[in-house]
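I have placed the structure first, in the form of structure tokens, so that the comments after it can refer back to it.
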Amino acid sequence: MELRTMRYFLAVAREENMTRAAELLHVTQPTLSKQLKSLEDELGKKLFTRHSFSIQLTEEGILLRKRAEDLVKMADKITAEFLTLGDVLGGDVYFGLAESYQIRHLAAAIRKFKNIYPDLHYHITSGDTEQVTEKLDKGIIDFAVLAQEPNTAKYHYLAFPDADLWGVVMPSNCPLAEKNTVCVNDLIGLPLFCSEQGWSHDISKWCGSKMAQLHLEGSFRLSYNGSLFVKEGLGYLLTFEHLIDTNPDSGLVFRPLTPNLKTNIYLIWKKYQIFTPIGERLLEMLKSEFSQ
């Protein structure tokens, strides 16, 4: 199984059309068709369902697409790293970030770093702990930002200077918005939205024995998406402060939980990880900035 074949497969999966994919890859359609047929024969699975004017992935094709995307990203990252091993002034650094207002500390440090090393190129992907740690473990990214304590057996870490405050985002005209803070009894019987990670870790600890009385209406990886459901009157969003626009014109308000619930944020990287020169220098600045 060659990397080139994976790139061919991904192009067809993305375009859903053999002719367009062949044009983008600068190969003939028969050549492309032959490569994909060889890939199916090698794997012993049908990867595409072919229609008159389009191509759809089978279930096996969908699985391969995820694996192939990771393989290609990893190969591209390795190539870029070796090209910049001798370059101490520039290069690429990859981050996987959880949703948090504390990301502002990372952004400020990168801005300061780029003033010194303008040839730094940083790449950002977002996700929950499961998503970003998977990419970190595979070597697709260099650093991850988590909203939970890291596994110190696998990772080194830096704690962000501040913590995120939990609360409820709700319509500004609802009765609960008249309160300054929200306790667990206020939430009983309400349709609630929250991330799966936050619900099973932070909220469950905060609620204690009353957790069973709360109703999770739906879960969202991105708080912004949850806020759109709140605006439609479908429920109440449990999330960090500052992630959702709650200015007077938004129609939404944020009320902190009581007793206060805060989550620490961590920057992590794999133990024994070898960074490019620019990655090493950035890490040293982050250590310095976060310790102040």
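Quick note on naming: the chains in the structure tokens go A, B, ... in the order shown, residues restart at 1 in each chain, and ligands are numbered from 1 in order of appearance.
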
**Contact residues around region 29-38 of chain A with only C-alpha atoms at 7 Å, ignoring same-chain residues under 5 positions, as number ranges by chain** = A: 5, 9, 18-19, 22

Selection to disk with N, CA, C and O atoms, as a PDB file, in the first residue's frame:
```pdb
ATOM      1  N   THR A   5      -0.991   6.050  -3.500  1.00  0.00           N
ATOM      2  CA  THR A   5      -2.316   5.467  -3.681  1.00  0.00           C
ATOM      3  C   THR A   5      -3.294   6.035  -2.674  1.00  0.00           C
ATOM      4  O   THR A   5      -4.468   6.260  -2.984  1.00  0.00           O
ATOM      5  N   PHE A   9      -6.779   7.872  -3.450  1.00  0.00           N
ATOM      6  CA  PHE A   9      -8.037   7.469  -2.810  1.00  0.00           C
ATOM      7  C   PHE A   9      -8.733   8.661  -2.160  1.00  0.00           C
ATOM      8  O   PHE A   9      -9.941   8.865  -2.303  1.00  0.00           O
ATOM      9  N   MET A  18     -14.664  10.574 -10.408  1.00  0.00           N
ATOM     10  CA  MET A  18     -13.382  10.077 -10.895  1.00  0.00           C
ATOM     11  C   MET A  18     -12.713  11.067 -11.854  1.00  0.00           C
ATOM     12  O   MET A  18     -11.502  11.289 -11.794  1.00  0.00           O
ATOM     13  N   THR A  19     -13.504  11.691 -12.708  1.00  0.00           N
ATOM     14  CA  THR A  19     -12.938  12.607 -13.704  1.00  0.00           C
ATOM     15  C   THR A  19     -12.327  13.831 -13.041  1.00  0.00           C
ATOM     16  O   THR A  19     -11.194  14.228 -13.358  1.00  0.00           O
ATOM     17  N   ALA A  22      -9.134  12.914 -11.172  1.00  0.00           N
ATOM     18  CA  ALA A  22      -8.019  12.674 -12.087  1.00  0.00           C
ATOM     19  C   ALA A  22      -7.432  13.995 -12.573  1.00  0.00           C
ATOM     20  O   ALA A  22      -6.205  14.140 -12.677  1.00  0.00           O
TER      21      ALA A  22
END
```

**Request:** Identify, with DSSP run on backbone atoms, the residues in region 78-290 of chain A assigned to strand (DSSP E or B), and express the list as a ChimeraX atom specification.
**Result:** /A:90-97,119-126,143-146,155-171,182,191-194,215-219,236-240,252-257,262-270

**Prompt:** Which polymer residues have any atom within 8 Å of an atom of region 151-166 of chain A, counting only C-alpha atoms, with same-chain residues fewer than 6 positions away left out, as a ChimeraX atom specification?
**Reply:** /A:100-102,105,238-241,256-257,260-271,287,290-291

**Item:** Which of region 12-166 of chain A DSSP labels alpha helix (DSSP H), written as an MDAnalysis selection string
**Value:** chainID A and resid 12:15 18:25 29:43 59:83 103:116 129:138

**Asked** Excluding same-chain residues fewer than 2 positions from region 197-214 of chain A, what lies within 8 Å of it counting only C-alpha atoms, as a ChimeraX atom specification?
**Response** /A:128-129,184,187-190,192,194-195,216,261,263

Please write the residues from the selection above to a file, keeping all heavy atoms, as a compact mmCIF listing (two decimals), in the first residue's frame.
```txt
# COMPACT_ATOMS: atom_id res chain seq x y z
N ASP A 128 -12.23 17.81 21.35
CA ASP A 128 -12.23 17.49 22.77
C ASP A 128 -10.99 16.68 23.11
O ASP A 128 -10.13 16.43 22.27
CB ASP A 128 -13.52 16.76 23.16
CG ASP A 128 -13.72 15.46 22.38
OD1 ASP A 128 -12.74 14.93 21.83
OD2 ASP A 128 -14.86 14.97 22.33
N THR A 129 -10.89 16.25 24.37
CA THR A 129 -9.69 15.55 24.82
C THR A 129 -9.40 14.31 23.99
O THR A 129 -8.26 14.06 23.59
CB THR A 129 -9.85 15.15 26.31
OG1 THR A 129 -9.88 16.34 27.10
CG2 THR A 129 -8.69 14.29 26.77
N VAL A 184 -27.55 23.36 41.69
CA VAL A 184 -27.96 22.11 41.05
C VAL A 184 -29.47 21.94 41.10
O VAL A 184 -30.08 21.43 40.14
CB VAL A 184 -27.23 20.90 41.69
CG1 VAL A 184 -27.61 20.75 43.15
CG2 VAL A 184 -27.54 19.63 40.92
N LEU A 187 -31.42 23.25 38.19
CA LEU A 187 -31.28 22.56 36.90
C LEU A 187 -32.14 21.31 36.80
O LEU A 187 -32.33 20.79 35.69
CB LEU A 187 -29.81 22.18 36.68
CG LEU A 187 -28.82 23.35 36.64
CD1 LEU A 187 -27.40 22.81 36.47
CD2 LEU A 187 -29.16 24.32 35.52
N ILE A 188 -32.64 20.84 37.93
CA ILE A 188 -33.45 19.61 37.91
C ILE A 188 -34.72 19.84 37.10
O ILE A 188 -35.45 20.81 37.29
CB ILE A 188 -33.79 19.18 39.35
CG1 ILE A 188 -32.51 18.77 40.09
CG2 ILE A 188 -34.80 18.02 39.34
CD1 ILE A 188 -32.73 18.46 41.55
N GLY A 189 -34.97 18.95 36.15
CA GLY A 189 -36.16 19.02 35.31
C GLY A 189 -35.99 19.84 34.05
O GLY A 189 -36.90 19.89 33.21
N LEU A 190 -34.81 20.48 33.88
CA LEU A 190 -34.57 21.30 32.68
C LEU A 190 -33.85 20.49 31.61
O LEU A 190 -33.03 19.61 31.92
CB LEU A 190 -33.73 22.53 33.03
CG LEU A 190 -34.31 23.52 34.04
CD1 LEU A 190 -33.32 24.66 34.25
CD2 LEU A 190 -35.65 24.05 33.55
N LEU A 192 -30.93 20.03 29.35
CA LEU A 192 -29.58 20.59 29.43
C LEU A 192 -28.72 20.14 28.26
O LEU A 192 -28.82 19.01 27.78
CB LEU A 192 -28.91 20.15 30.74
CG LEU A 192 -29.66 20.53 32.04
CD1 LEU A 192 -28.95 19.92 33.23
CD2 LEU A 192 -29.76 22.04 32.17
N CYS A 194 -24.56 20.00 27.02
CA CYS A 194 -23.20 20.04 27.55
C CYS A 194 -22.33 19.16 26.67
O CYS A 194 -22.83 18.29 25.94
CB CYS A 194 -23.19 19.52 29.00
SG CYS A 194 -21.62 19.73 29.88
N SER A 195 -21.03 19.35 26.72
CA SER A 195 -20.13 18.41 26.05
C SER A 195 -20.15 17.09 26.82
O SER A 195 -20.37 17.07 28.04
CB SER A 195 -18.71 18.97 26.01
OG SER A 195 -18.15 19.03 27.32
N LEU A 216 -29.79 15.29 30.37
CA LEU A 216 -28.98 15.75 29.25
C LEU A 216 -29.81 15.65 27.98
O LEU A 216 -30.02 14.56 27.45
CB LEU A 216 -27.70 14.92 29.13
CG LEU A 216 -26.72 15.34 28.02
CD1 LEU A 216 -26.18 16.74 28.28
CD2 LEU A 216 -25.57 14.34 27.90
N LEU A 261 -17.59 26.21 40.07
CA LEU A 261 -16.93 25.06 39.45
C LEU A 261 -15.94 25.60 38.43
O LEU A 261 -16.33 26.32 37.51
CB LEU A 261 -17.95 24.15 38.76
CG LEU A 261 -17.38 22.97 37.97
CD1 LEU A 261 -16.63 22.01 38.89
CD2 LEU A 261 -18.49 22.24 37.21
N THR A 263 -12.37 24.65 35.91
CA THR A 263 -11.59 23.60 35.26
C THR A 263 -10.24 24.17 34.84
O THR A 263 -10.18 25.20 34.17
CB THR A 263 -12.33 23.06 34.01
OG1 THR A 263 -13.52 22.40 34.43
CG2 THR A 263 -11.46 22.07 33.26
```

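Excluding Thr125 (chain A) and any residue on its chain fewer than 4 positions from it, the residues at most 9 Å away by only C-alpha atoms are Tyr94, Phe95, Gly96, Leu97, Ala98, Val132 and Ile141 of chain A.
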
**Atomic separation - CA of Met285 (chain A) relative to CA of Ala109 (chain A), Å** = 7.4 Å

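If you measure from each of A:Leu57, A:Leu120, A:Ile110, A:Leu25 to Lys45 (chain A) using only C-alpha atoms, the closest one turns out to be A:Leu57.
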
**Request:** Would you kindly return, as a VMD selection string, each protein, DNA or RNA residue with an atom no farther than 6 Å from any atom of Tyr236 (chain A), considering only C-alpha atoms and excluding same-chain residues fewer than 4 positions away?
**Result:** chain A and resid 170 192 to 193 230

**Request:** Name the residues in contact with Asp92 (chain A) at a cut-off of 8 Å, using only C-alpha atoms, excluding same-chain residues fewer than 3 positions from it; report them as a list in words.
**Result:** Ala80, Glu81, Leu120, His121, Tyr122, His123, Ile278 and Gly279 of chain A

Could you turn the residues from that selection into a file that holds N, CA, C and O atoms, as a PDB file, in the first residue's frame?
```
ATOM      1  N   ALA A  80       7.999  17.805   6.318  1.00  0.00           N
ATOM      2  CA  ALA A  80       8.223  19.194   6.708  1.00  0.00           C
ATOM      3  C   ALA A  80       9.248  19.300   7.826  1.00  0.00           C
ATOM      4  O   ALA A  80      10.097  20.198   7.831  1.00  0.00           O
ATOM      5  N   GLU A  81       9.211  18.357   8.780  1.00  0.00           N
ATOM      6  CA  GLU A  81      10.156  18.380   9.891  1.00  0.00           C
ATOM      7  C   GLU A  81      11.593  18.203   9.409  1.00  0.00           C
ATOM      8  O   GLU A  81      12.504  18.906   9.845  1.00  0.00           O
ATOM      9  N   LEU A 120       7.934  31.313  11.784  1.00  0.00           N
ATOM     10  CA  LEU A 120       7.148  30.253  12.406  1.00  0.00           C
ATOM     11  C   LEU A 120       5.813  30.129  11.676  1.00  0.00           C
ATOM     12  O   LEU A 120       5.138  31.124  11.413  1.00  0.00           O
ATOM     13  N   HIS A 121       5.412  28.906  11.364  1.00  0.00           N
ATOM     14  CA  HIS A 121       4.098  28.633  10.781  1.00  0.00           C
ATOM     15  C   HIS A 121       3.386  27.676  11.731  1.00  0.00           C
ATOM     16  O   HIS A 121       3.837  26.552  11.931  1.00  0.00           O
ATOM     17  N   TYR A 122       2.291  28.138  12.332  1.00  0.00           N
ATOM     18  CA  TYR A 122       1.567  27.288  13.281  1.00  0.00           C
ATOM     19  C   TYR A 122       0.243  26.846  12.673  1.00  0.00           C
ATOM     20  O   TYR A 122      -0.388  27.550  11.892  1.00  0.00           O
ATOM     21  N   HIS A 123      -0.155  25.646  13.043  1.00  0.00           N
ATOM     22  CA  HIS A 123      -1.371  25.032  12.501  1.00  0.00           C
ATOM     23  C   HIS A 123      -2.255  24.616  13.673  1.00  0.00           C
ATOM     24  O   HIS A 123      -1.794  23.977  14.616  1.00  0.00           O
ATOM     25  N   ILE A 278      12.574  25.011  15.879  1.00  0.00           N
ATOM     26  CA  ILE A 278      11.613  26.075  16.159  1.00  0.00           C
ATOM     27  C   ILE A 278      10.608  25.629  17.220  1.00  0.00           C
ATOM     28  O   ILE A 278      10.167  26.418  18.061  1.00  0.00           O
ATOM     29  N   GLY A 279      10.266  24.337  17.202  1.00  0.00           N
ATOM     30  CA  GLY A 279       9.362  23.810  18.219  1.00  0.00           C
ATOM     31  C   GLY A 279       9.980  23.850  19.601  1.00  0.00           C
ATOM     32  O   GLY A 279       9.310  24.171  20.591  1.00  0.00           O
TER      33      GLY A 279
END
```

**Request:** Point out the residue among A:Leu136, A:Val72, A:Leu47, A:Ala11 with the least atom-to-atom distance to Gln273 (chain A), counting only C-alpha atoms.
**Result:**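 Ranked by minimum distance to Gln273 (chain A), first place goes to A:Leu136.
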
**Request:** Rank nothing, just name the residue among A:Glu15, A:Glu99, A:Asp76, A:Glu23 nearest to Ile244 (chain A), using only C-alpha atoms.
**Result:** A:Glu99

**Request:** Work out how far apart CA of Leu252 (chain A) and CA of Val182 (chain A) are and give it in Å to one decimal.
**Result:** 15.0 Å

**Request:** For CA of Lys77 (chain A) and CA of Arg104 (chain A), quote the distance in Å rounded to one decimal.
**Result:**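 It comes out at 25.6 Å.
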
**Request:** Rank nothing, just name the residue among A:Thr258, A:Glu196, A:Glu40, A:Lys138 nearest to Asn180 (chain A), using only C-alpha atoms.
**Result:**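 Selected residue with least distance to Asn180 (chain A): A:Thr258.
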
**Message:** Just checking: using only C-alpha atoms, which residue out of A:Ala147, A:Val168, A:Ala177, A:Glu69 ends up closest to Gly226 (chain A)?
**Reply:** A:Val168
